[in-house]
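J.: Structure file entry.cif, mmCIF, C-alpha atoms, is pasted below:
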```cif
data_entry
loop_
_atom_site.group_PDB
_atom_site.id
_atom_site.type_symbol
_atom_site.label_atom_id
_atom_site.label_comp_id
_atom_site.auth_asym_id
_atom_site.auth_seq_id
_atom_site.Cartn_x
_atom_site.Cartn_y
_atom_site.Cartn_z
ATOM 1 C CA MET A 636 -2.842 -41.442 -21.249
ATOM 2 C CA GLY A 637 -0.127 -38.998 -19.963
ATOM 3 C CA GLU A 638 -0.544 -36.400 -22.684
ATOM 4 C CA PHE A 639 -2.366 -33.102 -22.414
ATOM 5 C CA SER A 640 -4.752 -32.210 -25.184
ATOM 6 C CA ILE A 641 -6.066 -28.749 -26.041
ATOM 7 C CA PHE A 642 -9.172 -29.471 -23.984
ATOM 8 C CA HIS A 643 -7.085 -30.091 -20.858
ATOM 9 C CA TRP A 644 -5.336 -26.733 -21.323
ATOM 10 C CA LEU A 645 -8.682 -24.956 -21.848
ATOM 11 C CA ILE A 646 -9.980 -26.395 -18.587
ATOM 12 C CA VAL A 647 -6.825 -25.284 -16.754
ATOM 13 C CA LEU A 648 -7.139 -21.793 -18.282
ATOM 14 C CA ALA A 649 -10.794 -21.560 -17.229
ATOM 15 C CA ILE A 650 -9.937 -22.571 -13.644
ATOM 16 C CA VAL A 651 -7.120 -19.991 -13.474
ATOM 17 C CA LEU A 652 -9.476 -17.275 -14.757
ATOM 18 C CA ILE A 653 -12.075 -18.232 -12.156
ATOM 19 C CA PHE A 654 -9.589 -18.136 -9.280
ATOM 20 C CA PHE A 655 -7.625 -15.017 -10.207
ATOM 21 C CA GLY A 656 -9.872 -13.031 -12.541
ATOM 22 C CA GLY A 657 -8.818 -11.105 -15.629
ATOM 23 C CA ARG A 658 -7.284 -8.126 -13.804
ATOM 24 C CA ARG A 659 -5.148 -10.074 -11.374
ATOM 25 C CA ILE A 660 -3.357 -12.311 -13.898
ATOM 26 C CA PRO A 661 -1.114 -9.565 -15.421
ATOM 27 C CA GLU A 662 -0.055 -8.498 -11.916
ATOM 28 C CA VAL A 663 0.844 -12.087 -10.992
ATOM 29 C CA MET A 664 2.791 -12.596 -14.223
ATOM 30 C CA LYS A 665 4.654 -9.288 -13.753
ATOM 31 C CA GLY A 666 5.669 -10.321 -10.231
ATOM 32 C CA LEU A 667 6.763 -13.725 -11.495
ATOM 33 C CA GLY A 668 8.877 -12.129 -14.236
ATOM 34 C CA GLU A 669 10.529 -9.727 -11.793
ATOM 35 C CA GLY A 670 11.289 -12.612 -9.440
ATOM 36 C CA ILE A 671 12.889 -14.662 -12.199
ATOM 37 C CA ARG A 672 14.919 -11.644 -13.371
ATOM 38 C CA SER A 673 16.107 -10.976 -9.822
ATOM 39 C CA PHE A 674 17.062 -14.625 -9.397
ATOM 40 C CA LYS A 675 19.085 -14.609 -12.625
ATOM 41 C CA GLU A 676 20.864 -11.404 -11.583
ATOM 42 C CA GLY A 677 21.665 -12.940 -8.217
ATOM 43 C CA ILE A 678 23.106 -16.042 -9.847
ATOM 44 C CA SER A 679 25.241 -14.131 -12.352
ATOM 45 C CA GLY A 680 26.275 -11.426 -9.882
ATOM 46 C CA THR A 681 25.348 -8.556 -12.176
ATOM 47 C CA SER A 682 22.699 -5.941 -11.774
ATOM 48 C CA THR A 683 21.013 -3.909 -14.502
ATOM 49 C CA THR A 684 19.136 -1.672 -12.104
ATOM 50 C CA PRO A 685 20.917 1.522 -11.028
ATOM 51 C CA GLN A 686 21.893 1.720 -7.395
ATOM 52 C CA PRO A 687 20.075 4.497 -5.512
ATOM 53 C CA GLN A 688 22.246 7.414 -4.457
ATOM 54 C CA PRO A 689 22.457 7.934 -0.693
ATOM 55 C CA PRO A 690 20.909 11.202 0.450
ATOM 56 C CA PRO A 691 23.391 14.019 1.136
ATOM 57 C CA PRO A 692 24.236 14.582 4.791
ATOM 58 C CA PRO A 693 22.177 17.305 6.448
ATOM 59 C CA GLN A 694 23.857 20.690 6.616
ATOM 60 C CA ALA A 695 24.639 22.104 10.038
ATOM 61 C CA GLN A 696 22.335 24.975 10.917
ATOM 62 C CA PRO A 697 23.478 27.838 13.147
ATOM 63 C CA PRO A 698 21.815 27.891 16.557
ATOM 64 C CA ALA A 699 18.573 29.817 16.626
ATOM 65 C CA GLU A 700 18.654 33.204 18.325
ATOM 66 C CA LYS A 701 16.451 33.704 21.356
ATOM 67 C CA PRO A 702 13.837 36.397 20.879
ATOM 68 C CA SER A 703 14.748 39.493 22.835
ATOM 69 C CA GLU A 704 12.213 40.745 25.338
ATOM 70 C CA GLU A 705 11.403 44.405 25.198
ATOM 71 C CA LYS A 706 11.504 46.266 28.508
ATOM 72 C CA LYS A 707 8.584 48.513 29.336
#
```
Could you quickly redo this structure as structure tokens?
T.:
Amino acid sequence: MGEFSIFHWLIVLAIVLIFFGGRRIPEVMKGLGEGIRSFKEGISGTSTTPQPQPPPPPQAQPPAEKPSEEKK
């Protein structure tokens, strides 16, 4: 009685397909894989993803000149 047969797994697969649909399942599995990978990296303390470079500081611009008014 506590064993799963192939028919049990087919029923579970059919229910998952009904709830999530064929397009949503790869997205869910990708998110699950990324979460597991992130968890493993957090546990080991290493990271395989490159750290983003901070943007360069903005350059100082000279003050804008006021337009000169022409005298009539």
J.: Please report, as JSON, the centre and edge lengths in Å to one decimal of an axis-aligned box covering all listed atoms of segment 636-654 of chain A with 4 Å per side.
T.:
```
{"center_x": -6.1, "center_y": -29.4, "center_z": -17.7, "size_x": 19.9, "size_y": 32.2, "size_z": 24.8}
```
J.: I'd like the interatomic distance between atom CA of Val663 of chain A and atom CA of Gly680 of chain A, to a tenth of an Å.
T.: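 Interatomic distance, atom CA of Val663 of chain A to atom CA of Gly680 of chain A: 25.5 Å.
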J.: Smallest atom-to-atom distance to Ile660 of chain A: which of A:Pro689, A:Gln696, A:Leu648, A:Gly677, using all atoms listed in the file?
T.: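 Smallest distance to Ile660 of chain A is found for A:Leu648.
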J.: Work out how far apart atom CA of Gly668 of chain A and atom CA of Gly637 of chain A are and give it in Å to one decimal.
T.: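 So the answer is 28.9 Å.
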J.: Hey, can you check how far atom CA of Gly666 of chain A sits from atom CA of Val651 of chain A?
T.: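 Atom-to-atom, atom CA of Gly666 of chain A to atom CA of Val651 of chain A, that is 16.4 Å.
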